[in-house]
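Structure file protein07.tsv with TSV, N, CA and C atoms:
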```
chain	number	residue	atom	x	y	z
A	519	MET	N	163.49	279.86	-43.72
A	519	MET	CA	164.88	280.08	-43.39
A	519	MET	C	165.01	281.23	-42.40
A	520	ILE	N	164.29	282.29	-42.67
A	520	ILE	CA	164.35	283.45	-41.78
A	520	ILE	C	163.71	283.11	-40.44
A	521	ASN	N	162.64	282.32	-40.47
A	521	ASN	CA	161.98	281.93	-39.22
A	521	ASN	C	162.92	281.11	-38.34
A	522	GLU	N	163.68	280.21	-38.96
A	522	GLU	CA	164.62	279.39	-38.20
A	522	GLU	C	165.71	280.26	-37.57
A	523	GLU	N	166.18	281.24	-38.30
A	523	GLU	CA	167.20	282.14	-37.76
A	523	GLU	C	166.64	282.95	-36.59
A	524	ASN	N	165.41	283.37	-36.72
A	524	ASN	CA	164.79	284.13	-35.62
A	524	ASN	C	164.65	283.27	-34.37
A	525	ILE	N	164.29	282.01	-34.55
A	525	ILE	CA	164.16	281.10	-33.41
A	525	ILE	C	165.51	280.91	-32.71
A	526	ILE	N	166.56	280.73	-33.51
A	526	ILE	CA	167.90	280.52	-32.94
A	526	ILE	C	168.37	281.77	-32.20
A	527	THR	N	168.17	282.93	-32.78
A	527	THR	CA	168.64	284.15	-32.11
A	527	THR	C	167.85	284.44	-30.84
A	528	THR	N	166.57	284.07	-30.80
A	528	THR	CA	165.82	284.30	-29.55
A	528	THR	C	166.26	283.34	-28.46
A	529	GLN	N	166.64	282.12	-28.81
A	529	GLN	CA	167.05	281.14	-27.81
A	529	GLN	C	168.49	281.37	-27.35
A	530	ALA	N	169.39	281.61	-28.30
A	530	ALA	CA	170.81	281.71	-27.96
A	530	ALA	C	171.28	283.14	-27.80
A	531	GLY	N	170.63	284.08	-28.42
A	531	GLY	CA	171.06	285.46	-28.35
A	531	GLY	C	172.10	285.74	-29.43
A	532	LYS	N	172.62	286.95	-29.44
A	532	LYS	CA	173.58	287.33	-30.48
A	532	LYS	C	175.00	287.39	-29.96
A	533	ARG	N	175.24	286.93	-28.75
A	533	ARG	CA	176.60	286.99	-28.21
A	533	ARG	C	177.44	285.84	-28.80
A	534	ASN	N	178.74	286.03	-28.82
A	534	ASN	CA	179.67	285.04	-29.34
A	534	ASN	C	179.97	284.03	-28.24
A	535	ALA	N	179.75	282.76	-28.52
A	535	ALA	CA	179.93	281.71	-27.52
A	535	ALA	C	181.40	281.30	-27.37
A	536	PHE	N	182.24	281.66	-28.30
A	536	PHE	CA	183.63	281.25	-28.26
A	536	PHE	C	184.49	282.40	-27.73
A	537	ARG	N	185.38	282.07	-26.79
A	537	ARG	CA	186.26	283.10	-26.21
A	537	ARG	C	187.69	282.59	-26.22
A	538	VAL	N	188.62	283.53	-26.39
A	538	VAL	CA	190.05	283.24	-26.39
A	538	VAL	C	190.63	283.88	-25.14
A	539	PRO	N	191.50	283.15	-24.43
A	539	PRO	CA	192.11	283.74	-23.23
A	539	PRO	C	192.90	285.00	-23.57
A	540	ASP	N	192.98	285.90	-22.63
A	540	ASP	CA	193.71	287.15	-22.84
A	540	ASP	C	195.19	286.87	-23.06
A	541	GLY	N	195.78	287.51	-24.07
A	541	GLY	CA	197.20	287.37	-24.36
A	541	GLY	C	197.58	286.05	-25.02
A	542	TYR	N	196.64	285.31	-25.50
A	542	TYR	CA	196.92	283.98	-26.08
A	542	TYR	C	197.78	284.11	-27.33
A	543	PHE	N	197.41	284.96	-28.24
A	543	PHE	CA	198.15	285.08	-29.49
A	543	PHE	C	199.45	285.84	-29.31
A	544	GLU	N	199.56	286.68	-28.32
A	544	GLU	CA	200.79	287.43	-28.08
A	544	GLU	C	201.90	286.51	-27.57
A	545	LEU	N	201.55	285.52	-26.78
A	545	LEU	CA	202.54	284.60	-26.22
A	545	LEU	C	202.61	283.28	-26.98
A	546	PHE	N	201.87	283.15	-28.04
A	546	PHE	CA	201.78	281.89	-28.77
A	546	PHE	C	203.12	281.46	-29.35
A	547	THR	N	203.85	282.36	-30.00
A	547	THR	CA	205.12	281.99	-30.63
A	547	THR	C	206.15	281.58	-29.59
A	548	GLU	N	206.19	282.25	-28.47
A	548	GLU	CA	207.16	281.91	-27.43
A	548	GLU	C	206.88	280.52	-26.87
A	549	ARG	N	205.62	280.23	-26.62
A	549	ARG	CA	205.28	278.91	-26.09
A	549	ARG	C	205.57	277.81	-27.10
A	550	MET	N	205.32	278.08	-28.36
A	550	MET	CA	205.57	277.07	-29.39
A	550	MET	C	207.06	276.79	-29.52
A	551	MET	N	207.89	277.81	-29.47
A	551	MET	CA	209.34	277.62	-29.58
A	551	MET	C	209.88	276.86	-28.38
A	552	GLN	N	209.31	277.03	-27.20
A	552	GLN	CA	209.76	276.31	-26.02
A	552	GLN	C	209.41	274.82	-26.13
A	553	ARG	N	208.32	274.51	-26.76
A	553	ARG	CA	207.91	273.12	-26.87
A	553	ARG	C	208.69	272.34	-27.93
A	554	LEU	N	209.30	273.01	-28.88
A	554	LEU	CA	210.05	272.32	-29.92
A	554	LEU	C	211.36	271.79	-29.36
A	555	PRO	N	211.69	270.55	-29.69
A	555	PRO	CA	212.99	270.02	-29.24
A	555	PRO	C	214.10	270.53	-30.15
A	556	GLU	N	215.02	271.30	-29.60
A	556	GLU	CA	216.07	271.91	-30.39
A	556	GLU	C	217.16	270.92	-30.76
A	557	GLN	N	217.50	270.01	-29.89
A	557	GLN	CA	218.59	269.08	-30.14
A	557	GLN	C	218.26	268.15	-31.30
A	558	GLU	N	217.07	267.65	-31.36
A	558	GLU	CA	216.71	266.71	-32.42
A	558	GLU	C	216.76	267.38	-33.78
A	559	THR	N	216.31	268.59	-33.89
A	559	THR	CA	216.31	269.27	-35.18
A	559	THR	C	217.72	269.52	-35.67
A	560	GLU	N	218.66	269.85	-34.74
A	560	GLU	CA	220.04	270.07	-35.14
A	560	GLU	C	220.68	268.77	-35.59
A	561	GLN	N	220.39	267.66	-34.91
A	561	GLN	CA	220.97	266.38	-35.28
A	561	GLN	C	220.44	265.93	-36.64
A	562	VAL	N	219.18	266.10	-36.88
A	562	VAL	CA	218.60	265.70	-38.16
A	562	VAL	C	219.20	266.53	-39.28
A	563	ALA	N	219.40	267.80	-39.05
A	563	ALA	CA	219.98	268.66	-40.08
A	563	ALA	C	221.43	268.28	-40.37
A	564	GLN	N	222.18	267.81	-39.36
A	564	GLN	CA	223.57	267.43	-39.57
A	564	GLN	C	223.67	266.08	-40.27
A	565	THR	N	222.82	265.14	-39.96
A	565	THR	CA	222.92	263.80	-40.53
A	565	THR	C	222.42	263.76	-41.97
A	566	VAL	N	221.43	264.53	-42.29
A	566	VAL	CA	220.86	264.49	-43.64
A	566	VAL	C	221.41	265.67	-44.42
A	567	GLN	N	222.33	265.36	-45.30
A	567	GLN	CA	222.86	266.39	-46.18
A	567	GLN	C	222.64	265.90	-47.61
A	568	LEU	N	221.89	266.67	-48.33
A	568	LEU	CA	221.58	266.30	-49.70
A	568	LEU	C	222.74	266.66	-50.62
A	569	PRO	N	223.05	265.78	-51.56
A	569	PRO	CA	224.14	266.10	-52.50
A	569	PRO	C	223.70	267.23	-53.43
A	570	LYS	N	224.65	268.03	-53.83
A	570	LYS	CA	224.35	269.12	-54.75
A	570	LYS	C	224.18	268.55	-56.15
A	571	ARG	N	223.13	268.98	-56.78
A	571	ARG	CA	222.86	268.51	-58.14
A	571	ARG	C	223.33	269.54	-59.15
A	572	GLU	N	223.95	269.03	-60.17
A	572	GLU	CA	224.36	269.91	-61.26
A	572	GLU	C	223.15	270.08	-62.19
A	573	PRO	N	223.05	271.18	-62.87
A	573	PRO	CA	221.93	271.35	-63.79
A	573	PRO	C	221.97	270.28	-64.87
A	574	ALA	N	220.81	269.75	-65.17
A	574	ALA	CA	220.73	268.67	-66.16
A	574	ALA	C	221.04	269.22	-67.54
A	575	LYS	N	221.80	268.42	-68.29
A	575	LYS	CA	222.14	268.81	-69.64
A	575	LYS	C	221.04	268.28	-70.57
A	576	THR	N	220.50	269.16	-71.34
A	576	THR	CA	219.44	268.74	-72.26
A	576	THR	C	220.02	268.61	-73.65
A	577	SER	N	219.56	267.61	-74.33
A	577	SER	CA	220.06	267.40	-75.68
A	577	SER	C	219.35	268.34	-76.64
A	578	ARG	N	219.90	268.44	-77.82
A	578	ARG	CA	219.33	269.30	-78.84
A	578	ARG	C	217.96	268.78	-79.28
A	579	LEU	N	217.81	267.47	-79.29
A	579	LEU	CA	216.53	266.88	-79.69
A	579	LEU	C	215.42	267.22	-78.70
A	580	ARG	N	215.74	267.23	-77.42
A	580	ARG	CA	214.74	267.60	-76.41
A	580	ARG	C	214.31	269.05	-76.56
A	581	LYS	N	215.24	269.91	-76.91
A	581	LYS	CA	214.90	271.31	-77.09
A	581	LYS	C	213.98	271.50	-78.29
A	582	LEU	N	214.19	270.71	-79.32
A	582	LEU	CA	213.41	270.85	-80.55
A	582	LEU	C	212.13	270.02	-80.54
A	583	ARG	N	211.87	269.31	-79.47
A	583	ARG	CA	210.71	268.42	-79.38
A	583	ARG	C	209.41	269.18	-79.61
A	584	ILE	N	209.29	270.35	-79.06
A	584	ILE	CA	208.06	271.13	-79.21
A	584	ILE	C	207.87	271.54	-80.66
A	585	TYR	N	208.95	271.91	-81.33
A	585	TYR	CA	208.85	272.31	-82.73
A	585	TYR	C	208.46	271.12	-83.61
A	586	PHE	N	208.99	269.94	-83.31
A	586	PHE	CA	208.61	268.74	-84.07
A	586	PHE	C	207.13	268.43	-83.88
A	587	ALA	N	206.65	268.56	-82.66
A	587	ALA	CA	205.24	268.28	-82.40
A	587	ALA	C	204.35	269.28	-83.12
A	588	ALA	N	204.73	270.54	-83.12
A	588	ALA	CA	203.93	271.56	-83.81
A	588	ALA	C	203.93	271.31	-85.32
A	589	ALA	N	205.07	270.94	-85.88
A	589	ALA	CA	205.14	270.66	-87.31
A	589	ALA	C	204.29	269.44	-87.68
A	590	ALA	N	204.31	268.42	-86.84
A	590	ALA	CA	203.50	267.22	-87.10
A	590	ALA	C	202.01	267.56	-87.06
A	591	CYS	N	201.60	268.37	-86.11
A	591	CYS	CA	200.19	268.78	-86.04
A	591	CYS	C	199.79	269.59	-87.26
A	592	LEU	N	200.66	270.47	-87.69
A	592	LEU	CA	200.37	271.29	-88.86
A	592	LEU	C	200.24	270.43	-90.12
A	593	CYS	N	201.15	269.48	-90.29
A	593	CYS	CA	201.08	268.58	-91.45
A	593	CYS	C	199.80	267.75	-91.41
A	594	PHE	N	199.46	267.25	-90.25
A	594	PHE	CA	198.23	266.46	-90.13
A	594	PHE	C	197.02	267.30	-90.49
A	595	ALA	N	196.97	268.54	-90.05
A	595	ALA	CA	195.84	269.41	-90.35
A	595	ALA	C	195.75	269.71	-91.84
A	596	VAL	N	196.88	270.02	-92.47
A	596	VAL	CA	196.87	270.35	-93.90
A	596	VAL	C	196.44	269.15	-94.72
A	597	PHE	N	197.03	267.99	-94.48
A	597	PHE	CA	196.67	266.80	-95.26
A	597	PHE	C	195.24	266.35	-94.97
A	598	GLY	N	194.80	266.49	-93.73
A	598	GLY	CA	193.43	266.12	-93.40
A	598	GLY	C	192.42	267.00	-94.11
A	599	ILE	N	192.68	268.30	-94.14
A	599	ILE	CA	191.76	269.22	-94.80
A	599	ILE	C	191.72	268.98	-96.30
A	600	THR	N	192.88	268.77	-96.92
A	600	THR	CA	192.89	268.52	-98.37
A	600	THR	C	192.18	267.21	-98.69
A	601	PHE	N	192.38	266.19	-97.89
A	601	PHE	CA	191.70	264.91	-98.13
A	601	PHE	C	190.19	265.08	-98.00
A	602	TYR	N	189.75	265.80	-96.98
A	602	TYR	CA	188.32	266.03	-96.77
A	602	TYR	C	187.73	266.82	-97.93
A	603	MET	N	188.42	267.86	-98.36
A	603	MET	CA	187.90	268.68	-99.46
A	603	MET	C	187.82	267.87	-100.75
A	604	HIS	N	188.81	267.01	-101.00
A	604	HIS	CA	188.80	266.18	-102.21
A	604	HIS	C	187.62	265.22	-102.18
A	605	GLN	N	187.38	264.56	-101.04
A	605	GLN	CA	186.26	263.64	-100.92
A	605	GLN	C	184.94	264.38	-101.05
A	606	HIS	N	184.85	265.55	-100.45
A	606	HIS	CA	183.62	266.34	-100.49
A	606	HIS	C	183.33	266.81	-101.91
A	607	GLN	N	184.38	267.18	-102.65
A	607	GLN	CA	184.20	267.65	-104.02
A	607	GLN	C	183.74	266.51	-104.92
A	608	GLU	N	184.29	265.31	-104.75
A	608	GLU	CA	183.87	264.16	-105.55
A	608	GLU	C	182.41	263.83	-105.31
A	609	SER	N	181.99	263.87	-104.05
A	609	SER	CA	180.60	263.56	-103.76
A	609	SER	C	179.67	264.62	-104.33
A	610	ASN	N	180.11	265.89	-104.32
A	610	ASN	CA	179.30	266.95	-104.91
A	610	ASN	C	179.19	266.79	-106.43
A	611	ASP	N	180.31	266.35	-107.06
A	611	ASP	CA	180.28	266.15	-108.51
A	611	ASP	C	179.31	265.05	-108.89
A	612	THR	N	179.34	263.95	-108.17
A	612	THR	CA	178.42	262.84	-108.48
A	612	THR	C	176.98	263.24	-108.21
A	613	GLN	N	176.75	264.03	-107.17
A	613	GLN	CA	175.39	264.48	-106.90
A	613	GLN	C	174.93	265.45	-107.98
A	614	ALA	N	175.82	266.28	-108.47
A	614	ALA	CA	175.45	267.24	-109.51
A	614	ALA	C	175.10	266.52	-110.80
A	615	LEU	N	175.89	265.50	-111.15
A	615	LEU	CA	175.59	264.74	-112.37
A	615	LEU	C	174.26	264.02	-112.27
A	616	SER	N	174.00	263.41	-111.15
A	616	SER	CA	172.73	262.72	-110.98
A	616	SER	C	171.58	263.71	-110.96
A	617	ALA	N	171.81	264.89	-110.42
A	617	ALA	CA	170.78	265.92	-110.41
A	617	ALA	C	170.49	266.42	-111.82
A	618	GLN	N	171.53	266.54	-112.66
A	618	GLN	CA	171.33	266.98	-114.04
A	618	GLN	C	170.49	265.97	-114.81
A	619	HIS	N	170.80	264.68	-114.65
A	619	HIS	CA	170.03	263.65	-115.35
A	619	HIS	C	168.58	263.65	-114.88
A	620	SER	N	168.37	263.79	-113.60
A	620	SER	CA	167.01	263.77	-113.09
A	620	SER	C	166.24	265.02	-113.50
A	621	THR	N	166.92	266.17	-113.58
A	621	THR	CA	166.22	267.38	-114.00
A	621	THR	C	165.87	267.33	-115.48
A	622	GLN	N	166.72	266.72	-116.30
A	622	GLN	CA	166.40	266.61	-117.73
A	622	GLN	C	165.18	265.73	-117.93
A	623	ASN	N	165.09	264.64	-117.19
A	623	ASN	CA	163.92	263.76	-117.30
A	623	ASN	C	162.68	264.45	-116.73
A	624	ALA	N	162.87	265.18	-115.67
A	624	ALA	CA	161.74	265.83	-115.02
A	624	ALA	C	161.22	267.01	-115.83
A	625	GLN	N	162.10	267.66	-116.61
A	625	GLN	CA	161.66	268.82	-117.39
A	625	GLN	C	160.64	268.41	-118.45
A	626	SER	N	160.86	267.26	-119.05
A	626	SER	CA	159.91	266.81	-120.08
A	626	SER	C	158.57	266.48	-119.45
A	627	GLN	N	158.56	265.99	-118.22
A	627	GLN	CA	157.31	265.65	-117.55
A	627	GLN	C	156.66	266.88	-116.92
A	628	THR	N	157.44	267.86	-116.53
A	628	THR	CA	156.89	269.01	-115.81
A	628	THR	C	156.27	270.04	-116.73
A	629	LEU	N	156.51	269.97	-118.02
A	629	LEU	CA	155.89	270.94	-118.90
A	629	LEU	C	154.38	270.83	-118.84
A	630	SER	N	153.90	269.62	-118.92
A	630	SER	CA	152.45	269.46	-118.86
A	630	SER	C	151.94	269.70	-117.44
A	631	SER	N	152.71	269.30	-116.43
A	631	SER	CA	152.27	269.52	-115.06
A	631	SER	C	152.34	270.99	-114.69
A	632	ALA	N	153.25	271.75	-115.29
A	632	ALA	CA	153.35	273.19	-115.03
A	632	ALA	C	152.11	273.90	-115.54
A	633	GLU	N	151.64	273.47	-116.69
A	633	GLU	CA	150.42	274.07	-117.24
A	633	GLU	C	149.23	273.77	-116.33
A	634	GLU	N	149.18	272.55	-115.84
A	634	GLU	CA	148.09	272.16	-114.95
A	634	GLU	C	148.13	272.93	-113.64
A	635	THR	N	149.31	273.09	-113.07
A	635	THR	CA	149.41	273.80	-111.80
A	635	THR	C	149.07	275.28	-111.98
A	636	TYR	N	149.46	275.84	-113.13
A	636	TYR	CA	149.12	277.24	-113.38
A	636	TYR	C	147.61	277.41	-113.47
A	637	PHE	N	146.96	276.49	-114.16
A	637	PHE	CA	145.51	276.57	-114.30
A	637	PHE	C	144.83	276.41	-112.95
A	638	GLU	N	145.32	275.49	-112.12
A	638	GLU	CA	144.72	275.28	-110.80
A	638	GLU	C	144.93	276.50	-109.90
A	639	GLU	N	146.10	277.12	-109.97
A	639	GLU	CA	146.35	278.32	-109.19
A	639	GLU	C	145.45	279.47	-109.63
A	640	ALA	N	145.23	279.59	-110.94
A	640	ALA	CA	144.35	280.65	-111.45
A	640	ALA	C	142.92	280.43	-110.99
A	641	VAL	N	142.49	279.19	-110.99
A	641	VAL	CA	141.14	278.87	-110.55
A	641	VAL	C	140.99	279.17	-109.07
A	642	ASP	N	141.97	278.83	-108.28
A	642	ASP	CA	141.91	279.11	-106.85
A	642	ASP	C	141.89	280.61	-106.59
A	643	TYR	N	142.63	281.35	-107.40
A	643	TYR	CA	142.69	282.79	-107.21
A	643	TYR	C	141.34	283.44	-107.53
A	644	VAL	N	140.70	282.96	-108.58
A	644	VAL	CA	139.42	283.54	-109.00
A	644	VAL	C	138.27	283.01	-108.16
A	645	MET	N	138.48	281.92	-107.46
A	645	MET	CA	137.48	281.27	-106.62
A	645	MET	C	136.29	280.77	-107.44
A	646	LEU	N	136.59	279.96	-108.41
A	646	LEU	CA	135.55	279.38	-109.26
A	646	LEU	C	135.29	277.93	-108.87
A	647	ASP	N	134.05	277.52	-108.94
A	647	ASP	CA	133.69	276.12	-108.76
A	647	ASP	C	133.79	275.41	-110.10
A	648	ASN	N	133.68	274.09	-110.05
A	648	ASN	CA	133.70	273.32	-111.29
A	648	ASN	C	132.51	273.68	-112.17
A	649	ALA	N	131.38	273.90	-111.57
A	649	ALA	CA	130.17	274.22	-112.35
A	649	ALA	C	130.36	275.55	-113.07
A	650	GLU	N	130.93	276.54	-112.44
A	650	GLU	CA	131.16	277.84	-113.06
A	650	GLU	C	132.18	277.74	-114.18
A	651	ILE	N	133.20	276.92	-113.97
A	651	ILE	CA	134.21	276.72	-115.01
A	651	ILE	C	133.56	276.10	-116.24
A	652	TYR	N	132.73	275.09	-116.06
A	652	TYR	CA	132.02	274.45	-117.19
A	652	TYR	C	131.11	275.45	-117.88
A	653	ALA	N	130.50	276.33	-117.10
A	653	ALA	CA	129.61	277.32	-117.69
A	653	ALA	C	130.39	278.29	-118.55
A	654	TYR	N	131.54	278.75	-118.08
A	654	TYR	CA	132.35	279.66	-118.88
A	654	TYR	C	132.89	278.97	-120.12
A	655	LEU	N	133.30	277.73	-119.98
A	655	LEU	CA	133.84	277.02	-121.14
A	655	LEU	C	132.75	276.71	-122.18
A	656	SER	N	131.55	276.47	-121.75
A	656	SER	CA	130.48	276.13	-122.69
A	656	SER	C	130.03	277.35	-123.48
A	657	GLU	N	130.24	278.55	-122.94
A	657	GLU	CA	129.86	279.75	-123.65
A	657	GLU	C	130.75	279.99	-124.87
A	658	TYR	N	131.95	279.52	-124.87
A	658	TYR	CA	132.84	279.79	-125.99
A	658	TYR	C	132.80	278.67	-126.95
```
Take the structure from the file and write it as structure tokens.
Amino acid sequence: MINEENIITTQAGKRNAFRVPDGYFELFTERMMQRLPEQETEQVAQTVQLPKREPAKTSRLRKLRIYFAAAACLCFAVFGITFYMHQHQESNDTQALSAQHSTQNAQSQTLSSAEETYFEEAVDYVMLDNAEIYAYLSEY
């Protein structure tokens, strides 16, 4: 990108290629006003006259429309949240009941498995092989 800019500046230089004639902007408004047709603008202004409008009367219902919309949104939010919470609570209750039944059944099975897991963890902690375990058990 910088190389391209360097090439352009070496070929074209840094001078501004665009020039404005002297006094162009000072005389611009005068020349523009001379070019405008004055007669046509006056005729158009006389022929087109817009009727005066009275301020529109708004009914009481239109004024309260925003309040009705806000109240409807609020009611929808309140009823939606209560419905969601009720459905969510029912599903939690059924899940809790099923969890209680499954935990009661699992507790009777896990007593023996808890003893086994404790023994396996103790063996892993002590780093005993099966042969060493048999040797210790045979001594007693």
**Fill in**
A straight line from atom N of Gln607 (chain A) to atom C of Ala595 (chain A) spans 15.9 Å
**Request:** One decimal, Å: what's the distance from atom N of Tyr602 (chain A) over to CA of Ala587 (chain A), could you say?
**Result:**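 That distance, rounded to one decimal, is 21.4 Å.
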**Complete:** One decimal place gives the CA of Phe637 (chain A)-CA of Ile651 (chain A) separation as 11.3 Å
